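Novice: Pasting entry.csv below, which is CSV, C-alpha atoms and all ligand atoms.
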```csv
chain,number,residue,atom,x,y,z
A,1,MET,CA,42.9,68.8,125.8
A,2,ILE,CA,46.7,68.8,125.7
A,3,SER,CA,47.9,65.4,126.9
A,4,ASP,CA,51.7,65.8,126.2
A,5,PRO,CA,53.3,67.3,129.3
A,6,GLN,CA,55.8,69.1,127.1
A,7,CYS,CA,52.9,71.0,125.6
A,8,SER,CA,51.1,71.8,128.8
A,9,THR,CA,52.7,75.2,129.2
A,10,LEU,CA,51.9,76.1,125.6
A,11,PRO,CA,48.7,78.1,126.2
A,12,HIS,CA,50.6,80.2,128.8
A,13,ARG,CA,53.6,80.7,126.5
A,14,LEU,CA,51.4,81.6,123.5
A,15,ASN,CA,49.9,84.4,125.7
A,16,GLY,CA,46.9,84.7,123.4
A,17,THR,CA,48.8,84.9,120.2
A,18,ASN,CA,46.5,84.0,117.3
A,19,LEU,CA,47.3,81.0,115.2
A,20,TYR,CA,46.6,81.2,111.4
A,21,LEU,CA,46.3,78.0,109.4
A,22,ILE,CA,47.3,78.4,105.7
A,23,GLY,CA,47.5,75.8,102.9
A,24,MET,CA,45.8,74.5,99.9
A,25,MET,CA,42.1,73.8,99.6
A,26,GLY,CA,41.5,70.5,101.3
A,27,SER,CA,44.6,70.7,103.5
A,28,GLY,CA,42.4,70.5,106.5
A,29,LYS,CA,42.5,74.1,107.8
A,30,THR,CA,38.9,74.2,108.7
A,31,THR,CA,38.7,70.7,110.2
A,32,THR,CA,42.1,70.8,112.1
A,33,GLY,CA,41.5,74.3,113.2
A,34,GLN,CA,38.5,73.3,115.3
A,35,GLU,CA,40.5,70.5,117.0
A,36,LEU,CA,43.4,72.9,117.7
A,37,ALA,CA,41.2,75.6,119.1
A,38,ALA,CA,39.5,73.1,121.5
A,39,ALA,CA,42.9,71.8,122.6
A,40,LEU,CA,44.2,75.2,123.4
A,41,GLY,CA,41.0,76.7,124.9
A,42,TYR,CA,41.0,79.2,122.0
A,43,ARG,CA,38.1,80.4,119.9
A,44,PHE,CA,37.9,79.1,116.3
A,45,MET,CA,37.2,81.3,113.3
A,46,ASP,CA,37.1,80.6,109.6
A,47,THR,CA,37.6,83.5,107.2
A,48,ASP,CA,35.3,81.8,104.6
A,49,ARG,CA,32.4,81.5,107.0
A,50,LEU,CA,32.9,85.2,108.2
A,51,ILE,CA,32.9,86.3,104.5
A,52,GLU,CA,29.7,84.4,104.0
A,53,GLN,CA,28.1,86.2,107.0
A,54,VAL,CA,29.2,89.6,105.8
A,55,ALA,CA,28.1,89.0,102.3
A,56,GLY,CA,24.9,87.1,103.1
A,57,GLN,CA,26.0,84.6,100.3
A,58,SER,CA,28.0,81.4,100.0
A,59,VAL,CA,31.6,81.6,98.7
A,60,SER,CA,30.3,80.0,95.4
A,61,GLU,CA,27.6,82.7,95.1
A,62,ILE,CA,30.1,85.5,95.7
A,63,PHE,CA,32.5,84.1,93.0
A,64,ALA,CA,29.6,83.6,90.6
A,65,GLN,CA,27.8,87.0,91.1
A,66,ALA,CA,30.5,89.5,92.2
A,67,GLY,CA,33.7,87.7,91.1
A,68,GLU,CA,36.9,86.6,92.7
A,69,ALA,CA,38.2,90.1,93.1
A,70,THR,CA,35.3,91.1,95.3
A,71,PHE,CA,35.8,87.9,97.3
A,72,ARG,CA,39.5,88.8,97.8
A,73,GLN,CA,38.5,92.3,99.1
A,74,LEU,CA,36.1,90.7,101.6
A,75,GLU,CA,38.8,88.3,102.6
A,76,THR,CA,41.2,91.1,103.4
A,77,GLN,CA,38.5,93.0,105.2
A,78,VAL,CA,37.6,90.0,107.4
A,79,LEU,CA,41.2,89.2,108.1
A,80,ALA,CA,41.9,92.7,109.2
A,81,GLU,CA,39.0,92.6,111.7
A,82,VAL,CA,39.9,89.1,113.0
A,83,SER,CA,43.5,90.2,113.6
A,84,CYS,CA,42.3,92.7,116.2
A,85,TYR,CA,41.3,89.9,118.5
A,86,HIS,CA,43.4,87.4,120.3
A,87,HIS,CA,43.2,83.8,121.6
A,88,LEU,CA,42.0,82.7,118.1
A,89,VAL,CA,42.7,79.8,115.8
A,90,VAL,CA,41.9,81.1,112.4
A,91,ALA,CA,41.3,78.8,109.4
A,92,THR,CA,42.0,80.9,106.3
A,93,GLY,CA,41.0,80.3,102.7
A,94,GLY,CA,43.7,78.8,100.5
A,95,GLY,CA,44.2,81.9,98.5
A,96,ILE,CA,44.7,84.4,101.4
A,97,ILE,CA,48.5,84.3,100.9
A,98,LEU,CA,48.2,85.8,97.5
A,99,GLU,CA,47.6,89.4,98.7
A,100,PRO,CA,50.7,91.0,100.2
A,101,MET,CA,48.6,93.2,102.5
A,102,ASN,CA,47.2,90.1,104.1
A,103,TRP,CA,50.6,89.1,105.4
A,104,SER,CA,50.8,92.2,107.6
A,105,TYR,CA,47.7,90.8,109.4
A,106,LEU,CA,48.8,87.2,109.4
A,107,HIS,CA,52.1,88.2,111.0
A,108,HIS,CA,50.2,89.6,114.0
A,109,GLY,CA,50.1,85.9,115.0
A,110,LEU,CA,51.8,82.7,114.1
A,111,VAL,CA,51.3,81.3,110.7
A,112,ILE,CA,51.1,77.5,110.2
A,113,TRP,CA,51.3,75.8,106.8
A,114,LEU,CA,49.5,72.5,106.5
A,115,LYS,CA,51.4,70.9,103.7
A,116,VAL,CA,49.4,68.0,102.2
A,117,SER,CA,50.3,65.9,99.1
A,118,ILE,CA,48.4,66.6,95.9
A,119,PRO,CA,47.0,63.0,95.7
A,120,ASN,CA,45.7,63.3,99.2
A,121,LEU,CA,44.0,66.7,98.4
A,122,VAL,CA,42.5,65.0,95.3
A,123,ASN,CA,41.1,62.2,97.5
A,124,ARG,CA,39.6,64.7,99.9
A,125,LEU,CA,38.1,67.1,97.4
A,126,ALA,CA,36.7,64.6,94.8
A,127,GLY,CA,33.0,65.4,94.5
A,128,ASP,CA,33.3,68.7,96.4
A,129,THR,CA,31.0,71.4,95.0
A,130,THR,CA,31.8,74.2,97.4
A,131,ARG,CA,35.1,75.5,96.0
A,132,PRO,CA,34.5,77.5,92.8
A,133,LEU,CA,38.1,77.5,91.7
A,134,LEU,CA,37.9,73.7,91.3
A,135,ALA,CA,34.6,73.7,89.4
A,136,HIS,CA,34.8,72.6,85.8
A,137,ALA,CA,38.5,71.7,86.1
A,138,ALA,CA,40.5,68.5,86.1
A,139,LEU,CA,41.0,68.2,89.8
A,140,ALA,CA,44.6,66.9,90.0
A,141,GLU,CA,45.9,69.3,87.3
A,142,LYS,CA,44.2,72.3,88.8
A,143,LEU,CA,45.5,71.6,92.3
A,144,THR,CA,49.0,71.0,90.9
A,145,THR,CA,48.9,74.3,89.0
A,146,LEU,CA,47.6,76.2,92.1
A,147,ALA,CA,50.2,74.6,94.3
A,148,GLN,CA,53.0,75.5,92.0
A,149,ALA,CA,51.9,79.1,92.0
A,150,ARG,CA,51.3,79.3,95.7
A,151,ASN,CA,53.9,77.2,97.5
A,152,GLU,CA,56.5,80.0,97.6
A,153,PHE,CA,53.9,82.0,99.6
A,154,TYR,CA,52.9,79.2,101.9
A,155,ALA,CA,56.6,78.7,102.6
A,156,GLN,CA,56.6,82.1,104.3
A,157,ALA,CA,54.8,80.5,107.3
A,158,ASP,CA,56.4,80.5,110.7
A,159,LEU,CA,55.9,76.7,110.9
A,160,THR,CA,55.5,74.2,108.1
A,161,LEU,CA,53.9,70.8,108.9
A,162,THR,CA,54.2,68.2,106.3
A,163,ILE,CA,51.1,66.0,106.9
A,164,ALA,CA,51.4,62.3,106.2
A,165,ASP,CA,48.4,61.0,104.2
A,166,ASN,CA,47.0,58.8,107.0
A,167,LEU,CA,47.0,61.4,109.8
A,168,ARG,CA,43.6,62.2,111.3
A,169,PRO,CA,42.6,65.7,112.2
A,170,ARG,CA,43.2,65.2,115.9
A,171,GLN,CA,46.7,63.9,115.1
A,172,VAL,CA,47.4,66.9,112.9
A,173,SER,CA,46.3,69.1,115.8
A,174,GLN,CA,48.6,67.2,118.2
A,175,ALA,CA,51.5,67.5,115.7
A,176,ILE,CA,51.0,71.3,115.7
A,177,LEU,CA,50.9,71.4,119.5
A,178,THR,CA,54.2,69.4,119.6
A,179,ALA,CA,55.9,71.6,117.0
A,180,LEU,CA,54.8,75.0,118.3
A,181,PRO,CA,57.1,75.3,121.3
A,182,LYS,CA,60.1,75.0,119.0
A,183,ILE,CA,59.2,78.2,117.2
A,184,LEU,CA,58.2,80.3,120.2
A,185,ARG,CA,60.5,82.9,121.3
A,186,ASP,CA,60.9,83.2,125.1
A,187,ASP,CA,59.4,86.6,125.1
A,188,ILE,CA,56.3,85.8,123.1
B,201,LIG,N1,43.5,64.9,108.5
B,201,LIG,C1,42.4,64.6,107.7
B,201,LIG,N2,42.2,63.3,107.3
B,201,LIG,C2,41.2,63.0,106.5
B,201,LIG,N3,40.3,63.9,106.0
B,201,LIG,C3,40.5,65.1,106.3
B,201,LIG,C4,41.5,65.6,107.1
B,201,LIG,N4,41.5,66.9,107.3
B,201,LIG,C5,40.4,67.3,106.6
B,201,LIG,N5,39.8,66.3,106.0
B,201,LIG,C6,38.6,66.3,105.1
B,201,LIG,O1,39.0,67.0,103.9
B,201,LIG,C7,38.0,67.8,103.4
B,201,LIG,C8,38.6,69.2,103.4
B,201,LIG,O2,38.9,69.7,104.7
B,201,LIG,P1,38.8,71.2,105.2
B,201,LIG,O3,39.1,71.2,106.6
B,201,LIG,O4,37.5,71.8,104.7
B,201,LIG,O5,40.0,71.8,104.4
B,201,LIG,P2,40.4,73.3,104.0
B,201,LIG,O6,39.7,74.2,105.0
B,201,LIG,O7,41.9,73.4,104.2
B,201,LIG,O8,40.0,73.5,102.6
B,201,LIG,C9,36.9,67.7,104.4
B,201,LIG,O9,36.0,66.7,103.9
B,201,LIG,C10,37.5,67.1,105.6
B,201,LIG,O10,36.6,66.3,106.4
B,202,LIG,O1,42.3,78.4,97.5
B,202,LIG,C1,41.4,79.3,97.3
B,202,LIG,O2,41.7,80.3,96.5
B,202,LIG,C2,40.1,79.3,98.0
B,202,LIG,C3,40.0,78.4,99.1
B,202,LIG,C4,38.7,78.3,99.8
B,202,LIG,O3,38.9,78.0,101.1
B,202,LIG,P1,39.5,76.6,101.7
B,202,LIG,O4,41.0,76.7,101.5
B,202,LIG,O5,39.1,76.5,103.1
B,202,LIG,O6,39.0,75.5,100.8
B,202,LIG,C5,37.9,79.5,99.6
B,202,LIG,O7,38.5,80.6,100.3
B,202,LIG,C6,37.7,79.9,98.2
B,202,LIG,O8,36.9,78.9,97.5
B,202,LIG,C7,39.0,80.1,97.5
B,203,MG,MG,38.4,75.8,104.9
```
What's the structure tokens form of this structure?
Ligand SMILES: Nc1ncnc2c1ncn2[C@@H]1O[C@H](COP(=O)(O)OP(=O)(O)O)[C@@H](O)[C@H]1O
Ligand SMILES: O=C(O)C1=C[C@@H](OP(=O)(O)O)[C@@H](O)[C@H](O)C1
Ligand SMILES: [Mg+2]
Specialist:
Amino acid sequence: MISDPQCSTLPHRLNGTNLYLIGMMGSGKTTTGQELAAALGYRFMDTDRLIEQVAGQSVSEIFAQAGEATFRQLETQVLAEVSCYHHLVVATGGGIILEPMNWSYLHHGLVIWLKVSIPNLVNRLAGDTTRPLLAHAALAEKLTTLAQARNEFYAQADLTLTIADNLRPRQVSQAILTALPKILRDDI
């Protein structure tokens, strides 16, 4: 629930506008998104989970069997469908920002970049086996290369939150709730 009185009018002011979380793998989009949705009384959706439902396969299986290009097509298809709804917090996949068409859907709502340091991403993702782009790669180097290629796209978000390394998911959600009013137009 929203405890800060300054944020208590936020659900009203948002008026159902979707919130899209973007950022690198491990930045906490899926985890924080659930906290944020609960705080706002929104529904939570995760494009990766929707893709898995559509394909009947895990993300890793799609990458291995159909390839990344097919995954990206499914990602755009799922995002297009999701953007028809409202009152959603949507955790996206880290690469959703690469396809220009996706921005036309993301901009139906407000886009929030969870900006997390590479060392913190490495800590969180060490041992992870569910992210095919990180398989068979030196983790820190791969994340650094991906971030270098992607940061200019993440920076197109409506709101950038630089997340301190010790912030728990609930605190990240609170930080978003505190920051959102500052970017809301009066007519939104
Ligand atoms: N604020 C946080 N503090 C500590 N661990 C976190 C935080 N946010 C996410 N995590 C952990 O990091 C990992 C990746 O989080 P996830 O939400 O799946 O990221 P994303 O969806 O951005 O790839 C998970 O193990 C999750 O529990
Ligand atoms: O960064 C990426 O290109 C990807 C991120 C993953 O989602 P998370 O960002 O939730 O890990 C998932 O969509 C897929 O493995 C590709
Ligand atoms: Mg995720």
Novice: Place a sphere of radius 8 Å on (54.3, 70.5, 102.3) in the file coordinates and name every protein, DNA or RNA residue with an atom inside or on its surface, counting all atoms listed in the file; give the answer as a list in words.
Specialist: Trp113, Leu114, Lys115, Val116, Ser117, Thr160, Leu161, Thr162 and Ile163 of chain A
Novice: Could you give me, as number ranges by chain, every polymer residue with an atom at most 10 Å away from an atom of ligand LIG 202 (chain B), counting only C-alpha atoms and all ligand atoms?
Specialist: A: 21-31, 46-49, 51, 58-60, 62-63, 68, 71-72, 75, 91-98, 125, 128-135, 143, 146-147, 150
Novice: Using only C-alpha atoms and all ligand atoms, can you tell me which of A:Ala149, A:Leu19, A:Ala126, A:Ala140 comes closest to ligand LIG 201 (chain B)?
Specialist: A:Ala126
Novice: Would you mind listing what lies within 10 Å of stretch 83-87 of chain A as a ChimeraX atom specification, with all atoms listed in the file counted and same-chain residues fewer than 3 positions away left out?
Specialist: /A:11,14-20,37,40-44,78-80,90,104-109
Novice: Please measure the separation of atom CA of A:Ala179 and atom CA of A:Ile112, giving the value in Å to one decimal.
Specialist: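 One can read the atom CA of A:Ala179 to atom CA of A:Ile112 distance as 10.2 Å.
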Novice: Go through A:Thr32, A:Asn123, A:Gln171, A:Gln73 and flag the residue nearest ligand MG 203 (chain B), using only C-alpha atoms and all ligand atoms for the distances.
Specialist: A:Thr32
Novice: Just checking: using all atoms listed in the file, which residue out of A:Arg170, A:His136, A:Lys142, A:Arg13 ends up closest to ligand LIG 201 (chain B)?
Specialist: A:Arg170
Novice: Select, from A:Leu139, A:Leu88, A:Ala39, A:Val122, the residue with the minimum atom-to-atom distance to A:Val172, counting only C-alpha atoms.
Specialist: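 Comparing A:Leu139, A:Leu88, A:Ala39, A:Val122 against A:Val172, the winner is A:Ala39.
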Novice: To one decimal place in Å, what is the distance between atom CA of A:Val82 and atom MG of ligand MG 203 (chain B)?
Specialist: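 Atom MG of ligand MG 203 (chain B) lies 15.6 Å from atom CA of A:Val82.
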Novice: Grab the atom CA of A:Ala66 to atom MG of ligand MG 203 (chain B) distance for me, in Å with one decimal place.
Specialist: 20.3 Å
Novice: Using only C-alpha atoms and all ligand atoms, can you tell me which of A:Asn120, A:Ala64, A:Asn151, A:Ala157 comes closest to ligand LIG 201 (chain B)?
Specialist: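 Of A:Asn120, A:Ala64, A:Asn151, A:Ala157, the one nearest ligand LIG 201 (chain B) is A:Asn120, counting only C-alpha atoms and all ligand atoms.
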Novice: Which is closer to ligand MG 203 (chain B) than all the others in A:Ala38, A:Ala137, A:Ile176, A:Leu50, using all atoms listed in the file?
Specialist: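 Of A:Ala38, A:Ala137, A:Ile176, A:Leu50, the one nearest ligand MG 203 (chain B), counting all atoms listed in the file, is A:Leu50.
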